[in-house]
Amino acid sequence: MCRHWNLTRFAGKVVEGLTVTRAMSSGLTGVEAGKRAAARAAVDNHIKTGQAVGIGSGSTIVFAVERIAERVKSEKLQLQCVPTSFQAKQLIQDNNLTLSSLETCPKLDIAIDGADEVDDDLNCIKGGGGCLTQEKIVASCAKDFIIIADYRKNSGSLGTYWTKGIPIEVIPMAYRPVQIRVAAELGGKADLRMAIRKAGPVVTDNGNFILDWVAPENTHNWEVVNQKIKMIPGVLETGLFIKMARVAYFGNEDGSITSRTPP
Ligand SMILES: O=C(CO)[C@H](O)[C@H](O)COP(=O)(O)O
């Protein structure tokens, strides 16, 4: 189901109107305005006092955490926040939110996170920022997994706009055999993600490497593909989030929001 809220309709509800007003008065334009609008709408529509909340990683989640912090202050919300990365942990702490963990809160009410691409069924590619494993664990512990993204991520099928490949987190000593097996069993090419401003590969928060697998163009059954990759020894997790998201909010350049639920 697809809903497109234009500014007028969005401003029709008090909370949503606030979101739009602030998005417009933030001075942000284009993609950044879209990220902010999507993040604020998700927080305003889904966060309630008493919840345990999974906090995603990336640039869009920054706007969500800012909005959560505003609401905690103004509405005295009681929340437990569980991070999906080192970045998310810092965001929670920097915004004076209550930092928790899956040890203390193994069952979450909600998890909010960004995505690199989202298809018609709300299957996602995630891991552009290398945090896919903890993101998937946290999302799997949440009753509702909510995606926030700008309009560039709103796609009919995976691999259309996100052409950097499917991130795969691998145990370092296995990276080469996994590269070879992925290419042999599924085609395409899996490149070791290299660091910028550090010699050598990207090292994840879990001390592992990332392969970015560019799939052959005729790849469609992502659920089967995900299962096949996960069966290769040395693979920790993939950035394919299949049938996990309950709703996705996409912020458009004009500050409006398109929300989608699975068909
Ligand atoms: O999966 C992720 C990190 O591993 C991010 O959520 C994803 O890359 C989207 O990031 P952004 O909000 O910066 O577009």
# chains A, B, ... in the order shown; residues from 1 in each chain; ligands from 1
call {"tool": "residues_near_ligand", "arguments": {"ligand": "ligand 1", "cutoff": "9 Å", "atoms": "only C-alpha atoms and all ligand atoms", "output": "PyMOL selection string"}}
result
chain A and resi 35+56-62+84-85+113-117+125-135+147-150+153+167+239
call {"tool": "residues_around", "arguments": {"residues": "Asp254 (chain A)", "least_positions_apart": "4", "cutoff": "8 Å", "atoms": "only C-alpha atoms", "output": "list of chain:residue names"}}
result
A:Thr29, A:Gly30, A:Ala33, A:Gly34
call {"tool": "write_last_selection", "arguments": {"atoms": "N, CA and C atoms", "output": "compact mmCIF listing (two decimals), in the first residue's frame"}}
result
# COMPACT_ATOMS: atom_id res chain seq x y z
N THR A 29 17.54 21.37 2.35
CA THR A 29 16.87 21.20 1.07
C THR A 29 17.20 19.82 0.50
N GLY A 30 16.46 19.42 -0.51
CA GLY A 30 16.76 18.20 -1.27
C GLY A 30 16.79 16.95 -0.42
N ALA A 33 16.59 17.34 3.41
CA ALA A 33 15.23 17.67 3.87
C ALA A 33 14.36 16.42 3.86
N GLY A 34 14.55 15.58 2.84
CA GLY A 34 13.79 14.33 2.75
C GLY A 34 14.10 13.39 3.89
call {"tool": "closest_residue", "arguments": {"among": "A:Pro177, A:Pro263, A:Pro83, A:Gly165", "to": "Lys243 (chain A)", "atoms": "only C-alpha atoms"}}
result
A:Pro263
call {"tool": "select_by_dssp", "arguments": {"residues": "region 53-195 of chain A", "states": "strand (DSSP E)", "output": "ChimeraX atom specification"}}
result
/A:53-55,80-83,108-113,117-118,124-125,142-150,166-170,189-192
call {"tool": "atom_distance", "arguments": {"atom1": "CA of Val178 (chain A)", "atom2": "CA of Phe241 (chain A)"}}
result
19.8 Å
call {"tool": "closest_residue", "arguments": {"among": "A:Ala111, A:Ile68, A:Lys73, A:Lys189", "to": "Leu91 (chain A)", "atoms": "only C-alpha atoms"}}
result
A:Ile68
call {"tool": "atom_distance", "arguments": {"atom1": "CA of Val225 (chain A)", "atom2": "CA of Trp213 (chain A)"}}
result
11.4 Å
call {"tool": "select_by_dssp", "arguments": {"residues": "region 67-209 of chain A", "states": "alpha helix (DSSP H)", "output": "JSON list (two decimals) with C-alpha atoms, in the first residue's frame"}}
result
[["chain", "number", "residue", "atom", "x", "y", "z"],
["A", 67, "ARG", "CA", 13.52, 14.16, 17.20],
["A", 68, "ILE", "CA", 13.39, 11.44, 19.89],
["A", 69, "ALA", "CA", 15.52, 13.65, 22.15],
["A", 70, "GLU", "CA", 13.20, 16.62, 21.57],
["A", 71, "ARG", "CA", 10.17, 14.52, 22.50],
["A", 72, "VAL", "CA", 11.85, 12.97, 25.54],
["A", 73, "LYS", "CA", 12.52, 16.48, 26.79],
["A", 74, "SER", "CA", 9.16, 18.05, 25.96],
["A", 75, "GLU", "CA", 6.88, 15.06, 26.70],
["A", 86, "PHE", "CA", 29.29, 2.28, 17.72],
["A", 87, "GLN", "CA", 27.86, 5.31, 15.88],
["A", 88, "ALA", "CA", 24.36, 4.64, 17.25],
["A", 89, "LYS", "CA", 25.71, 4.24, 20.77],
["A", 90, "GLN", "CA", 27.40, 7.63, 20.54],
["A", 91, "LEU", "CA", 24.25, 9.21, 19.12],
["A", 92, "ILE", "CA", 22.21, 7.89, 22.04],
["A", 93, "GLN", "CA", 24.73, 9.16, 24.56],
["A", 94, "ASP", "CA", 25.28, 12.54, 22.86],
["A", 132, "LEU", "CA", 24.37, -4.73, 8.88],
["A", 133, "THR", "CA", 24.86, -7.54, 11.41],
["A", 134, "GLN", "CA", 23.98, -5.62, 14.55],
["A", 135, "GLU", "CA", 21.24, -3.82, 12.60],
["A", 136, "LYS", "CA", 19.66, -7.13, 11.59],
["A", 137, "ILE", "CA", 19.90, -8.58, 15.09],
["A", 138, "VAL", "CA", 18.28, -5.51, 16.62],
["A", 139, "ALA", "CA", 15.56, -5.37, 13.92],
["A", 140, "SER", "CA", 14.82, -9.07, 14.47],
["A", 175, "TYR", "CA", 37.05, -13.57, 2.96],
["A", 176, "ARG", "CA", 38.79, -15.11, -0.06],
["A", 177, "PRO", "CA", 36.96, -18.49, -0.05],
["A", 178, "VAL", "CA", 33.64, -16.64, 0.44],
["A", 179, "GLN", "CA", 34.43, -14.37, -2.51],
["A", 180, "ILE", "CA", 35.11, -17.41, -4.69],
["A", 181, "ARG", "CA", 32.04, -19.36, -3.58],
["A", 182, "VAL", "CA", 29.62, -16.47, -3.93],
["A", 183, "ALA", "CA", 30.81, -15.87, -7.51],
["A", 184, "ALA", "CA", 30.76, -19.61, -8.34],
["A", 185, "GLU", "CA", 27.29, -20.30, -6.87],
["A", 186, "LEU", "CA", 25.47, -17.04, -7.65]]
call {"tool": "atom_distance", "arguments": {"atom1": "CA of Asp205 (chain A)", "atom2": "CA of Leu108 (chain A)"}}
result
21.4 Å
call {"tool": "closest_residue", "arguments": {"among": "A:Asn95, A:Val53, A:Ser101, A:Thr160", "to": "Asp120 (chain A)", "atoms": "only C-alpha atoms"}}
result
A:Thr160
call {"tool": "closest_residue", "arguments": {"among": "A:Asp44, A:Lys164, A:Arg152, A:Pro172", "to": "Pro233 (chain A)", "atoms": "only C-alpha atoms"}}
result
A:Pro172
call {"tool": "closest_residue", "arguments": {"among": "A:Leu77, A:Val202, A:Val235, A:Ile55", "to": "Ser100 (chain A)", "atoms": "only C-alpha atoms"}}
result
A:Ile55
call {"tool": "closest_residue", "arguments": {"among": "A:His220, A:Arg197, A:Lys107, A:Arg246", "to": "Thr261 (chain A)", "atoms": "only C-alpha atoms"}}
result
A:Arg246
call {"tool": "decode", "arguments": {"residues": "region 146-159 of chain A", "atoms": "N, CA and C atoms", "output": "PDB file, in the first residue's frame"}}
result
ATOM      1  N   ILE A 146      10.867  -0.254  11.422  1.00  0.00           N
ATOM      2  CA  ILE A 146      10.438   0.908  10.626  1.00  0.00           C
ATOM      3  C   ILE A 146      11.630   1.448   9.841  1.00  0.00           C
ATOM      4  N   ILE A 147      11.441   1.624   8.536  1.00  0.00           N
ATOM      5  CA  ILE A 147      12.506   2.160   7.683  1.00  0.00           C
ATOM      6  C   ILE A 147      12.292   3.657   7.453  1.00  0.00           C
ATOM      7  N   ILE A 148      13.384   4.402   7.530  1.00  0.00           N
ATOM      8  CA  ILE A 148      13.350   5.831   7.201  1.00  0.00           C
ATOM      9  C   ILE A 148      14.414   6.085   6.143  1.00  0.00           C
ATOM     10  N   ALA A 149      14.023   6.789   5.086  1.00  0.00           N
ATOM     11  CA  ALA A 149      14.978   6.996   3.995  1.00  0.00           C
ATOM     12  C   ALA A 149      14.528   8.167   3.133  1.00  0.00           C
ATOM     13  N   ASP A 150      15.450   8.669   2.328  1.00  0.00           N
ATOM     14  CA  ASP A 150      15.052   9.680   1.357  1.00  0.00           C
ATOM     15  C   ASP A 150      14.538   8.987   0.096  1.00  0.00           C
ATOM     16  N   TYR A 151      13.945   9.774  -0.776  1.00  0.00           N
ATOM     17  CA  TYR A 151      13.249   9.260  -1.965  1.00  0.00           C
ATOM     18  C   TYR A 151      14.149   8.419  -2.879  1.00  0.00           C
ATOM     19  N   ARG A 152      15.466   8.599  -2.804  1.00  0.00           N
ATOM     20  CA  ARG A 152      16.361   7.861  -3.717  1.00  0.00           C
ATOM     21  C   ARG A 152      16.385   6.367  -3.411  1.00  0.00           C
ATOM     22  N   LYS A 153      15.928   5.985  -2.217  1.00  0.00           N
ATOM     23  CA  LYS A 153      15.973   4.583  -1.804  1.00  0.00           C
ATOM     24  C   LYS A 153      14.693   3.820  -2.146  1.00  0.00           C
ATOM     25  N   ASN A 154      13.672   4.553  -2.611  1.00  0.00           N
ATOM     26  CA  ASN A 154      12.346   3.984  -2.866  1.00  0.00           C
ATOM     27  C   ASN A 154      12.323   3.370  -4.262  1.00  0.00           C
ATOM     28  N   SER A 155      12.488   2.042  -4.298  1.00  0.00           N
ATOM     29  CA  SER A 155      12.728   1.377  -5.581  1.00  0.00           C
ATOM     30  C   SER A 155      11.744   0.233  -5.770  1.00  0.00           C
ATOM     31  N   GLY A 156      11.478  -0.142  -7.015  1.00  0.00           N
ATOM     32  CA  GLY A 156      10.610  -1.293  -7.277  1.00  0.00           C
ATOM     33  C   GLY A 156      11.311  -2.599  -6.960  1.00  0.00           C
ATOM     34  N   SER A 157      12.558  -2.715  -7.383  1.00  0.00           N
ATOM     35  CA  SER A 157      13.290  -3.973  -7.150  1.00  0.00           C
ATOM     36  C   SER A 157      14.736  -3.681  -6.759  1.00  0.00           C
ATOM     37  N   LEU A 158      15.265  -4.552  -5.920  1.00  0.00           N
ATOM     38  CA  LEU A 158      16.619  -4.345  -5.377  1.00  0.00           C
ATOM     39  C   LEU A 158      17.667  -4.387  -6.491  1.00  0.00           C
ATOM     40  N   GLY A 159      18.655  -3.524  -6.359  1.00  0.00           N
ATOM     41  CA  GLY A 159      19.730  -3.465  -7.355  1.00  0.00           C
ATOM     42  C   GLY A 159      19.468  -2.450  -8.454  1.00  0.00           C
TER      43      GLY A 159
END
